[in-house]
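Enquirer: Just one file: data.pdb, with PDB, C-alpha atoms.
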ATOM      1  CA  MET X 598      -9.506  15.340   6.021  1.00  0.00           C
ATOM      2  CA  ILE X 599     -12.297  17.307   4.373  1.00  0.00           C
ATOM      3  CA  SER X 600     -15.377  15.511   3.052  1.00  0.00           C
ATOM      4  CA  ALA X 601     -15.790  15.495  -0.732  1.00  0.00           C
ATOM      5  CA  GLU X 602     -18.195  17.863  -2.490  1.00  0.00           C
ATOM      6  CA  PRO X 603     -21.260  16.272  -4.164  1.00  0.00           C
ATOM      7  CA  ASN X 604     -20.040  16.915  -7.752  1.00  0.00           C
ATOM      8  CA  SER X 605     -16.447  15.887  -7.125  1.00  0.00           C
ATOM      9  CA  ARG X 606     -14.730  12.650  -8.072  1.00  0.00           C
ATOM     10  CA  TRP X 607     -11.663  11.045  -6.543  1.00  0.00           C
ATOM     11  CA  PHE X 608      -8.322  11.289  -8.327  1.00  0.00           C
ATOM     12  CA  VAL X 609      -4.797  10.105  -7.499  1.00  0.00           C
ATOM     13  CA  ALA X 610      -1.842  12.367  -6.766  1.00  0.00           C
ATOM     14  CA  GLN X 611       1.701  11.046  -6.666  1.00  0.00           C
ATOM     15  CA  THR X 612       3.781  12.590  -3.901  1.00  0.00           C
ATOM     16  CA  HIS X 613       7.473  13.033  -3.320  1.00  0.00           C
ATOM     17  CA  ILE X 614       9.226  10.249  -1.410  1.00  0.00           C
ATOM     18  CA  ASN X 615       7.876  10.205   2.172  1.00  0.00           C
ATOM     19  CA  GLY X 616       5.899  13.348   1.348  1.00  0.00           C
ATOM     20  CA  GLU X 617       2.365  11.981   1.719  1.00  0.00           C
ATOM     21  CA  ALA X 618       1.563  13.826   4.962  1.00  0.00           C
ATOM     22  CA  LYS X 619       3.079  17.084   3.728  1.00  0.00           C
ATOM     23  CA  ALA X 620       1.123  16.897   0.455  1.00  0.00           C
ATOM     24  CA  ALA X 621      -2.117  16.042   2.290  1.00  0.00           C
ATOM     25  CA  SER X 622      -1.669  19.013   4.600  1.00  0.00           C
ATOM     26  CA  HIS X 623      -1.015  21.490   1.781  1.00  0.00           C
ATOM     27  CA  LEU X 624      -3.857  20.144  -0.381  1.00  0.00           C
ATOM     28  CA  SER X 625      -6.281  20.401   2.549  1.00  0.00           C
ATOM     29  CA  ARG X 626      -5.160  23.977   3.147  1.00  0.00           C
ATOM     30  CA  GLN X 627      -6.067  24.740  -0.493  1.00  0.00           C
ATOM     31  CA  GLY X 628      -9.599  23.402   0.080  1.00  0.00           C
ATOM     32  CA  PHE X 629      -9.285  19.965  -1.533  1.00  0.00           C
ATOM     33  CA  ALA X 630     -10.710  16.880   0.167  1.00  0.00           C
ATOM     34  CA  VAL X 631      -7.841  14.434   0.728  1.00  0.00           C
ATOM     35  CA  TYR X 632      -7.795  10.764   1.670  1.00  0.00           C
ATOM     36  CA  LEU X 633      -4.518   9.175   2.748  1.00  0.00           C
ATOM     37  CA  PRO X 634      -5.219   5.567   3.764  1.00  0.00           C
ATOM     38  CA  ARG X 635      -2.751   4.303   6.373  1.00  0.00           C
ATOM     39  CA  TYR X 636      -2.142   1.010   8.140  1.00  0.00           C
ATOM     40  CA  LEU X 637      -0.196  -0.056  11.207  1.00  0.00           C
ATOM     41  CA  LYS X 638       3.084  -1.818  10.490  1.00  0.00           C
ATOM     42  CA  ARG X 639       5.249  -3.695  12.962  1.00  0.00           C
ATOM     43  CA  ARG X 640       8.885  -2.704  12.682  1.00  0.00           C
ATOM     44  CA  SER X 641      11.867  -4.356  14.345  1.00  0.00           C
ATOM     45  CA  HIS X 642      15.007  -2.357  14.842  1.00  0.00           C
ATOM     46  CA  ALA X 643      17.872  -2.736  17.304  1.00  0.00           C
ATOM     47  CA  ARG X 644      16.077  -5.400  19.379  1.00  0.00           C
ATOM     48  CA  LYS X 645      13.033  -3.182  19.668  1.00  0.00           C
ATOM     49  CA  VAL X 646       9.646  -3.874  18.075  1.00  0.00           C
ATOM     50  CA  GLU X 647       7.340  -0.931  17.481  1.00  0.00           C
ATOM     51  CA  THR X 648       4.141  -0.258  15.568  1.00  0.00           C
ATOM     52  CA  ILE X 649       4.187   2.669  13.171  1.00  0.00           C
ATOM     53  CA  ALA X 650       1.620   4.225  10.837  1.00  0.00           C
ATOM     54  CA  ARG X 651       2.543   3.809   7.173  1.00  0.00           C
ATOM     55  CA  PRO X 652       0.725   4.842   3.978  1.00  0.00           C
ATOM     56  CA  LEU X 653      -1.185   1.974   2.385  1.00  0.00           C
ATOM     57  CA  PHE X 654      -0.029   3.204  -1.037  1.00  0.00           C
ATOM     58  CA  PRO X 655       3.444   4.724  -0.584  1.00  0.00           C
ATOM     59  CA  ARG X 656       3.892   7.949  -2.611  1.00  0.00           C
ATOM     60  CA  TYR X 657       0.165   8.178  -3.477  1.00  0.00           C
ATOM     61  CA  LEU X 658      -2.926   9.814  -1.998  1.00  0.00           C
ATOM     62  CA  PHE X 659      -6.471  10.461  -3.161  1.00  0.00           C
ATOM     63  CA  VAL X 660      -7.840  13.941  -3.888  1.00  0.00           C
ATOM     64  CA  ALA X 661     -11.526  14.792  -4.462  1.00  0.00           C
ATOM     65  CA  ILE X 662     -11.875  17.339  -7.247  1.00  0.00           C
ATOM     66  CA  ASP X 663     -14.838  18.982  -8.951  1.00  0.00           C
ATOM     67  CA  LEU X 664     -13.210  19.482 -12.360  1.00  0.00           C
ATOM     68  CA  ALA X 665     -15.804  22.073 -13.393  1.00  0.00           C
ATOM     69  CA  ALA X 666     -15.532  24.231 -10.270  1.00  0.00           C
ATOM     70  CA  GLN X 667     -12.028  23.769  -8.826  1.00  0.00           C
ATOM     71  CA  ARG X 668      -8.672  24.762 -10.233  1.00  0.00           C
ATOM     72  CA  TRP X 669      -7.205  21.265 -10.306  1.00  0.00           C
ATOM     73  CA  ARG X 670      -4.004  22.287 -12.090  1.00  0.00           C
ATOM     74  CA  ALA X 671      -2.916  23.970  -8.846  1.00  0.00           C
ATOM     75  CA  ILE X 672      -2.369  20.465  -7.438  1.00  0.00           C
ATOM     76  CA  GLN X 673       0.610  20.010  -9.786  1.00  0.00           C
ATOM     77  CA  SER X 674       2.546  22.768  -7.980  1.00  0.00           C
ATOM     78  CA  THR X 675       1.488  21.915  -4.413  1.00  0.00           C
ATOM     79  CA  LEU X 676       4.315  21.268  -1.937  1.00  0.00           C
ATOM     80  CA  GLY X 677       4.838  17.539  -1.485  1.00  0.00           C
ATOM     81  CA  VAL X 678       2.990  16.613  -4.700  1.00  0.00           C
ATOM     82  CA  SER X 679       5.013  15.274  -7.610  1.00  0.00           C
ATOM     83  CA  HIS X 680       2.089  15.238 -10.051  1.00  0.00           C
ATOM     84  CA  LEU X 681      -1.547  14.340 -10.540  1.00  0.00           C
ATOM     85  CA  VAL X 682      -1.956  10.991 -12.315  1.00  0.00           C
ATOM     86  CA  CYS X 683      -3.457  11.786 -15.730  1.00  0.00           C
ATOM     87  CA  TRP X 684      -4.631  10.137 -18.933  1.00  0.00           C
ATOM     88  CA  GLY X 685      -3.298  12.529 -21.529  1.00  0.00           C
ATOM     89  CA  ASP X 686      -4.112  16.039 -20.325  1.00  0.00           C
ATOM     90  CA  ARG X 687      -7.020  15.062 -18.039  1.00  0.00           C
ATOM     91  CA  PRO X 688      -6.743  13.642 -14.503  1.00  0.00           C
ATOM     92  CA  ALA X 689      -7.498   9.915 -14.278  1.00  0.00           C
ATOM     93  CA  SER X 690     -10.396   9.322 -11.885  1.00  0.00           C
ATOM     94  CA  VAL X 691     -10.651   6.467  -9.409  1.00  0.00           C
ATOM     95  CA  GLU X 692     -13.525   4.046  -9.971  1.00  0.00           C
ATOM     96  CA  ASP X 693     -16.627   4.578  -7.879  1.00  0.00           C
ATOM     97  CA  GLY X 694     -16.606   2.568  -4.666  1.00  0.00           C
ATOM     98  CA  VAL X 695     -12.828   2.295  -4.220  1.00  0.00           C
ATOM     99  CA  ILE X 696     -12.620   4.980  -1.536  1.00  0.00           C
ATOM    100  CA  SER X 697     -15.742   3.760   0.277  1.00  0.00           C
ATOM    101  CA  ALA X 698     -14.379   0.183   0.210  1.00  0.00           C
ATOM    102  CA  LEU X 699     -11.103   1.378   1.749  1.00  0.00           C
ATOM    103  CA  ARG X 700     -12.914   3.427   4.393  1.00  0.00           C
ATOM    104  CA  ALA X 701     -15.113   0.429   5.233  1.00  0.00           C
ATOM    105  CA  ARG X 702     -11.951  -1.504   6.180  1.00  0.00           C
ATOM    106  CA  GLU X 703     -10.777   1.178   8.636  1.00  0.00           C
ATOM    107  CA  ASP X 704     -10.791   0.560  12.375  1.00  0.00           C
ATOM    108  CA  GLU X 705     -11.887   3.060  15.050  1.00  0.00           C
ATOM    109  CA  ALA X 706      -8.549   4.886  14.869  1.00  0.00           C
ATOM    110  CA  GLY X 707      -8.792   5.334  11.081  1.00  0.00           C
ATOM    111  CA  PHE X 708      -6.212   2.720  10.073  1.00  0.00           C
ATOM    112  CA  VAL X 709      -6.980   0.226   7.292  1.00  0.00           C
ATOM    113  CA  ARG X 710      -7.098  -3.353   8.563  1.00  0.00           C
ATOM    114  CA  LEU X 711      -5.049  -5.553   6.275  1.00  0.00           C
ATOM    115  CA  ALA X 712      -6.035  -9.076   5.323  1.00  0.00           C
ATOM    116  CA  SER X 713      -4.873 -11.760   7.684  1.00  0.00           C
ATOM    117  CA  ARG X 714      -1.341 -12.999   7.378  1.00  0.00           C
ATOM    118  CA  SER X 715      -0.198 -16.167   5.701  1.00  0.00           C
ATOM    119  CA  PRO X 716      -1.585 -19.378   7.208  1.00  0.00           C
ATOM    120  CA  PHE X 717       1.979 -20.677   7.470  1.00  0.00           C
ATOM    121  CA  SER X 718       4.252 -20.216  10.440  1.00  0.00           C
ATOM    122  CA  PRO X 719       7.949 -20.929  10.914  1.00  0.00           C
ATOM    123  CA  GLY X 720       8.670 -24.647  11.071  1.00  0.00           C
ATOM    124  CA  ASP X 721       5.727 -25.752   8.886  1.00  0.00           C
ATOM    125  CA  LYS X 722       6.468 -28.260   6.132  1.00  0.00           C
ATOM    126  CA  VAL X 723       5.222 -27.073   2.730  1.00  0.00           C
ATOM    127  CA  ARG X 724       5.247 -28.111  -0.910  1.00  0.00           C
ATOM    128  CA  ILE X 725       5.875 -25.593  -3.691  1.00  0.00           C
ATOM    129  CA  VAL X 726       2.999 -25.859  -6.180  1.00  0.00           C
ATOM    130  CA  GLU X 727       4.235 -23.562  -8.951  1.00  0.00           C
ATOM    131  CA  GLY X 728       7.414 -22.081 -10.371  1.00  0.00           C
ATOM    132  CA  ALA X 729      10.994 -23.298 -10.785  1.00  0.00           C
ATOM    133  CA  PHE X 730      10.893 -25.454  -7.637  1.00  0.00           C
ATOM    134  CA  VAL X 731       7.472 -27.062  -8.287  1.00  0.00           C
ATOM    135  CA  ASP X 732       6.801 -30.176  -6.157  1.00  0.00           C
ATOM    136  CA  SER X 733       9.807 -29.469  -3.935  1.00  0.00           C
ATOM    137  CA  LEU X 734       9.359 -29.904  -0.193  1.00  0.00           C
ATOM    138  CA  ALA X 735      10.514 -27.070   2.032  1.00  0.00           C
ATOM    139  CA  LEU X 736      10.444 -25.806   5.594  1.00  0.00           C
ATOM    140  CA  VAL X 737       8.932 -22.369   6.354  1.00  0.00           C
ATOM    141  CA  GLU X 738      11.529 -20.045   7.834  1.00  0.00           C
ATOM    142  CA  GLY X 739       9.401 -16.886   8.079  1.00  0.00           C
ATOM    143  CA  VAL X 740       6.757 -14.650   6.493  1.00  0.00           C
ATOM    144  CA  SER X 741       7.640 -11.182   5.192  1.00  0.00           C
ATOM    145  CA  ASP X 742       5.476  -8.047   4.956  1.00  0.00           C
ATOM    146  CA  HIS X 743       4.546  -8.548   1.324  1.00  0.00           C
ATOM    147  CA  ASP X 744       2.882 -11.979   1.539  1.00  0.00           C
ATOM    148  CA  ARG X 745       6.111 -13.658   0.597  1.00  0.00           C
ATOM    149  CA  VAL X 746       7.294 -16.650   2.548  1.00  0.00           C
ATOM    150  CA  ALA X 747      10.927 -17.512   3.218  1.00  0.00           C
ATOM    151  CA  VAL X 748      11.370 -21.268   2.859  1.00  0.00           C
ATOM    152  CA  LEU X 749      14.379 -23.522   3.274  1.00  0.00           C
ATOM    153  CA  LEU X 750      14.852 -25.901   0.345  1.00  0.00           C
ATOM    154  CA  ASP X 751      17.134 -28.900   0.524  1.00  0.00           C
ATOM    155  CA  LEU X 752      19.277 -28.496  -2.600  1.00  0.00           C
ATOM    156  CA  LEU X 753      22.472 -30.472  -3.194  1.00  0.00           C
ATOM    157  CA  GLY X 754      22.624 -31.476   0.461  1.00  0.00           C
ATOM    158  CA  ARG X 755      22.384 -27.911   1.766  1.00  0.00           C
ATOM    159  CA  LYS X 756      19.526 -25.796   3.084  1.00  0.00           C
ATOM    160  CA  VAL X 757      18.967 -22.876   0.715  1.00  0.00           C
ATOM    161  CA  ARG X 758      16.733 -19.927   1.648  1.00  0.00           C
ATOM    162  CA  VAL X 759      14.256 -18.950  -1.095  1.00  0.00           C
ATOM    163  CA  LEU X 760      11.491 -16.312  -1.050  1.00  0.00           C
ATOM    164  CA  VAL X 761       8.252 -17.458  -2.690  1.00  0.00           C
ATOM    165  CA  GLY X 762       4.748 -16.021  -2.893  1.00  0.00           C
ATOM    166  CA  ALA X 763       2.393 -17.328  -0.208  1.00  0.00           C
ATOM    167  CA  ASP X 764      -0.002 -18.392  -2.964  1.00  0.00           C
ATOM    168  CA  LEU X 765       2.667 -20.646  -4.498  1.00  0.00           C
ATOM    169  CA  ILE X 766       2.957 -23.027  -1.556  1.00  0.00           C
ATOM    170  CA  ALA X 767       0.654 -25.559   0.104  1.00  0.00           C
ATOM    171  CA  ALA X 768       0.851 -27.566   3.294  1.00  0.00           C
ATOM    172  CA  ALA X 769       2.816 -30.778   2.775  1.00  0.00           C
TER     173      ALA X 769
END
If you convert what's in this file into structure tokens, what do you get?
Expert:
Amino acid sequence: MISAEPNSRWFVAQTHINGEAKAASHLSRQGFAVYLPRYLKRRSHARKVETIARPLFPRYLFVAIDLAAQRWRAIQSTLGVSHLVCWGDRPASVEDGVISALRAREDEAGFVRLASRSPFSPGDKVRIVEGAFVDSLALVEGVSDHDRVAVLLDLLGRKVRVLVGADLIAAA
């Protein structure tokens, strides 16, 4: 990753599916500063749990461009890049402070630390505070990657599994 030039601003490039690393490599080779924020994700497969690096924003990466000095249209034809996110015919810049805020959350290895997980754990009794099942009591079955909680509702004498947002439930 190259550091950004003083007159450059950060922009967003959309990549091909699973092409973030390829696009970052080719953009860097062309002299652009690239930032691809990644985080560590736990993955379970075939009774094996492993930790893998995943892009924080799948299919997107940040590119620092000096619009006056660099040929930014070359990004559109870079291997791995689908297109540069634009407003009309001009690239859409990222607000100041976004990149520095992301970098401030990185650990020593360069991975972004995500916010802590849901305060609920399997077996907790909860009450749904919003939505179609408001005021229903449920039992937490598990927490997914996207801050959604799987709860078991007692409907018509059966336990029914429902995914709800972690912000839509409270301790019972």
Enquirer: Excluding Val709 (chain X) and its own-chain neighbours fewer than 5 positions away, which residues fall within 10 Å of it when counting all atoms listed in the file? Please give them as number ranges by chain.
Expert: X: 634-637, 652-653, 699-704
Enquirer: Would you save the residues from that selection as an mmCIF file, keeping the file's coordinate frame, using C-alpha atoms?
Expert:
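What ended up in result_23.cif:
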data_model
loop_
_atom_site.group_PDB
_atom_site.id
_atom_site.type_symbol
_atom_site.label_atom_id
_atom_site.label_comp_id
_atom_site.auth_asym_id
_atom_site.auth_seq_id
_atom_site.Cartn_x
_atom_site.Cartn_y
_atom_site.Cartn_z
ATOM 1 C CA PRO X 634 -5.219 5.567 3.764
ATOM 2 C CA ARG X 635 -2.751 4.303 6.373
ATOM 3 C CA TYR X 636 -2.142 1.010 8.140
ATOM 4 C CA LEU X 637 -0.196 -0.056 11.207
ATOM 5 C CA PRO X 652 0.725 4.842 3.978
ATOM 6 C CA LEU X 653 -1.185 1.974 2.385
ATOM 7 C CA LEU X 699 -11.103 1.378 1.749
ATOM 8 C CA ARG X 700 -12.914 3.427 4.393
ATOM 9 C CA ALA X 701 -15.113 0.429 5.233
ATOM 10 C CA ARG X 702 -11.951 -1.504 6.180
ATOM 11 C CA GLU X 703 -10.777 1.178 8.636
ATOM 12 C CA ASP X 704 -10.791 0.560 12.375
#
Enquirer: Using all atoms listed in the file, pick whichever of X:Ala689, X:Ala706, X:Ile696, X:Cys683 has the shortest atom-to-atom distance to Tyr632 (chain X).
Expert: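 Of X:Ala689, X:Ala706, X:Ile696, X:Cys683, the one nearest Tyr632 (chain X), counting all atoms listed in the file, is X:Ile696.
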Enquirer: Evaluate the PyMOL selection byres ((chain X and resi 681) around 12) here and jot the selected residues down as a short mmCIF file (atom, residue, chain, number, x, y, z; two decimals) with C-alpha atoms, keeping the file's coordinate frame.
Expert:
data_model
loop_
_atom_site.label_atom_id
_atom_site.label_comp_id
_atom_site.auth_asym_id
_atom_site.auth_seq_id
_atom_site.Cartn_x
_atom_site.Cartn_y
_atom_site.Cartn_z
CA TRP X 607 -11.66 11.04 -6.54
CA PHE X 608 -8.32 11.29 -8.33
CA VAL X 609 -4.80 10.10 -7.50
CA ALA X 610 -1.84 12.37 -6.77
CA GLN X 611 1.70 11.05 -6.67
CA THR X 612 3.78 12.59 -3.90
CA HIS X 613 7.47 13.03 -3.32
CA ALA X 620 1.12 16.90 0.46
CA LEU X 624 -3.86 20.14 -0.38
CA ARG X 656 3.89 7.95 -2.61
CA TYR X 657 0.16 8.18 -3.48
CA LEU X 658 -2.93 9.81 -2.00
CA PHE X 659 -6.47 10.46 -3.16
CA VAL X 660 -7.84 13.94 -3.89
CA ALA X 661 -11.53 14.79 -4.46
CA ILE X 662 -11.88 17.34 -7.25
CA TRP X 669 -7.20 21.26 -10.31
CA ARG X 670 -4.00 22.29 -12.09
CA ALA X 671 -2.92 23.97 -8.85
CA ILE X 672 -2.37 20.46 -7.44
CA GLN X 673 0.61 20.01 -9.79
CA SER X 674 2.55 22.77 -7.98
CA THR X 675 1.49 21.92 -4.41
CA GLY X 677 4.84 17.54 -1.48
CA VAL X 678 2.99 16.61 -4.70
CA SER X 679 5.01 15.27 -7.61
CA HIS X 680 2.09 15.24 -10.05
CA VAL X 682 -1.96 10.99 -12.32
CA CYS X 683 -3.46 11.79 -15.73
CA TRP X 684 -4.63 10.14 -18.93
CA GLY X 685 -3.30 12.53 -21.53
CA ASP X 686 -4.11 16.04 -20.32
CA ARG X 687 -7.02 15.06 -18.04
CA PRO X 688 -6.74 13.64 -14.50
CA ALA X 689 -7.50 9.91 -14.28
CA SER X 690 -10.40 9.32 -11.88
#
Enquirer: Taking 5 positions as the minimum chain separation for residues in the same chain, which residues sit within 9 Å of Gly739 (chain X) when counting all atoms listed in the file? Answer as a PDB file with C-alpha atoms, in the frame of the given file.
Expert:
ATOM      1  CA  PHE X 717       1.979 -20.677   7.470  1.00  0.00           C
ATOM      2  CA  SER X 718       4.252 -20.216  10.440  1.00  0.00           C
ATOM      3  CA  PRO X 719       7.949 -20.929  10.914  1.00  0.00           C
ATOM      4  CA  GLY X 720       8.670 -24.647  11.071  1.00  0.00           C
ATOM      5  CA  ARG X 745       6.111 -13.658   0.597  1.00  0.00           C
ATOM      6  CA  VAL X 746       7.294 -16.650   2.548  1.00  0.00           C
ATOM      7  CA  ALA X 747      10.927 -17.512   3.218  1.00  0.00           C
ATOM      8  CA  VAL X 748      11.370 -21.268   2.859  1.00  0.00           C
TER       9      VAL X 748
END
Enquirer: Using only C-alpha atoms, which of the listed residues (X:Gln627, X:Asn604, X:Asn615, X:Ser733) sits closest to Pro655 (chain X)?
Expert: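 Smallest distance to Pro655 (chain X) is found for X:Asn615.
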Enquirer: Can you pull out every residue within 9 Å of Thr648 (chain X), counting only C-alpha atoms, but drop anything in the same chain fewer than 5 positions away, and send it as a list in words?
Expert: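 What passes the distance filter is Leu637, Lys638, Arg639, Arg640 and Ser641 of chain X.
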Enquirer: Quick one: distance from CA of Ala735 (chain X) to CA of Leu760 (chain X) in Å, one decimal?
Expert: 11.2 Å
Enquirer: Would you please work out which residue, of X:Val740, X:Phe708, X:Arg755, X:Val731, is nearest to Ala767 (chain X) when using all atoms listed in the file?
Expert: X:Val731
Enquirer: Nearest to Ala618 (chain X) among X:Arg651, X:Gly754, X:Glu727, X:Ala763, with distances taken over only C-alpha atoms: which residue is it?
Expert: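 Selected residue with least distance to Ala618 (chain X): X:Arg651.
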Enquirer: Excluding Leu736 (chain X) and its own-chain neighbours fewer than 4 positions away, which residues fall within 7 Å of it when counting only C-alpha atoms? Please give them as a list in words.
Expert: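 Listed by chain and then number, they are Gly720, Asp721, Lys722, Val723, Val748, Leu749 and Leu750 of chain X.
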Enquirer: Interatomic distance between CA of Glu617 (chain X) and CA of Arg644 (chain X)?
Expert: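 Straight-line distance from CA of Glu617 (chain X) to CA of Arg644 (chain X) works out to 28.3 Å.
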Enquirer: Counting all atoms listed in the file, which residue out of X:Phe730, X:Gly762, X:Val631, X:Arg606 sits closest to Asp693 (chain X)?
Expert: X:Arg606
Enquirer: Here is a test: counting all atoms listed in the file, which residue of X:Val757, X:Ala769, X:Ile649, X:Leu664 is nearest to Arg724 (chain X)?
Expert: X:Ala769
Enquirer: Provide the CA of Ala643 (chain X) to CA of Arg758 (chain X) distance in Å, to one decimal place.
Expert: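 These atoms are spaced 23.3 Å apart.
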Enquirer: Taking the partial coordinates given, rebuild region 615-623 of chain X to contain all heavy atoms; return it as a short mmCIF file (atom, residue, chain, number, x, y, z; two decimals), in the frame of the given file.
Expert:
data_model
loop_
_atom_site.label_atom_id
_atom_site.label_comp_id
_atom_site.auth_asym_id
_atom_site.auth_seq_id
_atom_site.Cartn_x
_atom_site.Cartn_y
_atom_site.Cartn_z
N ASN X 615 8.24 9.91 0.78
CA ASN X 615 7.88 10.20 2.17
C ASN X 615 7.20 11.56 2.33
O ASN X 615 7.25 12.17 3.41
CB ASN X 615 9.09 10.11 3.10
CG ASN X 615 9.64 8.72 3.16
OD1 ASN X 615 8.91 7.74 3.17
ND2 ASN X 615 10.96 8.60 3.18
N GLY X 616 6.54 12.04 1.29
CA GLY X 616 5.90 13.35 1.35
C GLY X 616 4.39 13.29 1.40
O GLY X 616 3.73 14.31 1.15
N GLU X 617 3.82 12.13 1.73
CA GLU X 617 2.37 11.98 1.72
C GLU X 617 1.69 12.93 2.71
O GLU X 617 0.71 13.60 2.36
CB GLU X 617 1.96 10.54 2.03
CG GLU X 617 2.46 9.51 1.06
CD GLU X 617 3.82 8.94 1.42
OE1 GLU X 617 4.42 9.39 2.42
OE2 GLU X 617 4.28 8.04 0.70
N ALA X 618 2.19 12.98 3.93
CA ALA X 618 1.56 13.83 4.96
C ALA X 618 1.70 15.30 4.62
O ALA X 618 0.75 16.08 4.79
CB ALA X 618 2.17 13.53 6.32
N LYS X 619 2.85 15.69 4.11
CA LYS X 619 3.08 17.08 3.73
C LYS X 619 2.12 17.48 2.59
O LYS X 619 1.49 18.53 2.63
CB LYS X 619 4.52 17.25 3.28
CG LYS X 619 4.88 18.65 2.82
CD LYS X 619 6.24 18.63 2.15
CE LYS X 619 7.17 19.66 2.71
NZ LYS X 619 8.49 19.65 2.07
N ALA X 620 2.02 16.62 1.59
CA ALA X 620 1.12 16.90 0.46
C ALA X 620 -0.33 16.97 0.92
O ALA X 620 -1.07 17.87 0.50
CB ALA X 620 1.28 15.81 -0.61
N ALA X 621 -0.74 16.04 1.79
CA ALA X 621 -2.12 16.04 2.29
C ALA X 621 -2.42 17.34 3.03
O ALA X 621 -3.49 17.93 2.87
CB ALA X 621 -2.35 14.83 3.19
N SER X 622 -1.48 17.78 3.84
CA SER X 622 -1.67 19.01 4.60
C SER X 622 -1.83 20.22 3.67
O SER X 622 -2.74 21.04 3.85
CB SER X 622 -0.47 19.21 5.53
OG SER X 622 -0.49 20.47 6.11
N HIS X 623 -0.96 20.35 2.68
CA HIS X 623 -1.01 21.49 1.78
C HIS X 623 -2.25 21.44 0.87
O HIS X 623 -2.84 22.48 0.58
CB HIS X 623 0.27 21.58 0.95
CG HIS X 623 1.44 22.05 1.75
ND1 HIS X 623 1.63 23.37 2.10
CD2 HIS X 623 2.48 21.38 2.30
CE1 HIS X 623 2.73 23.49 2.82
NE2 HIS X 623 3.27 22.29 2.96
#
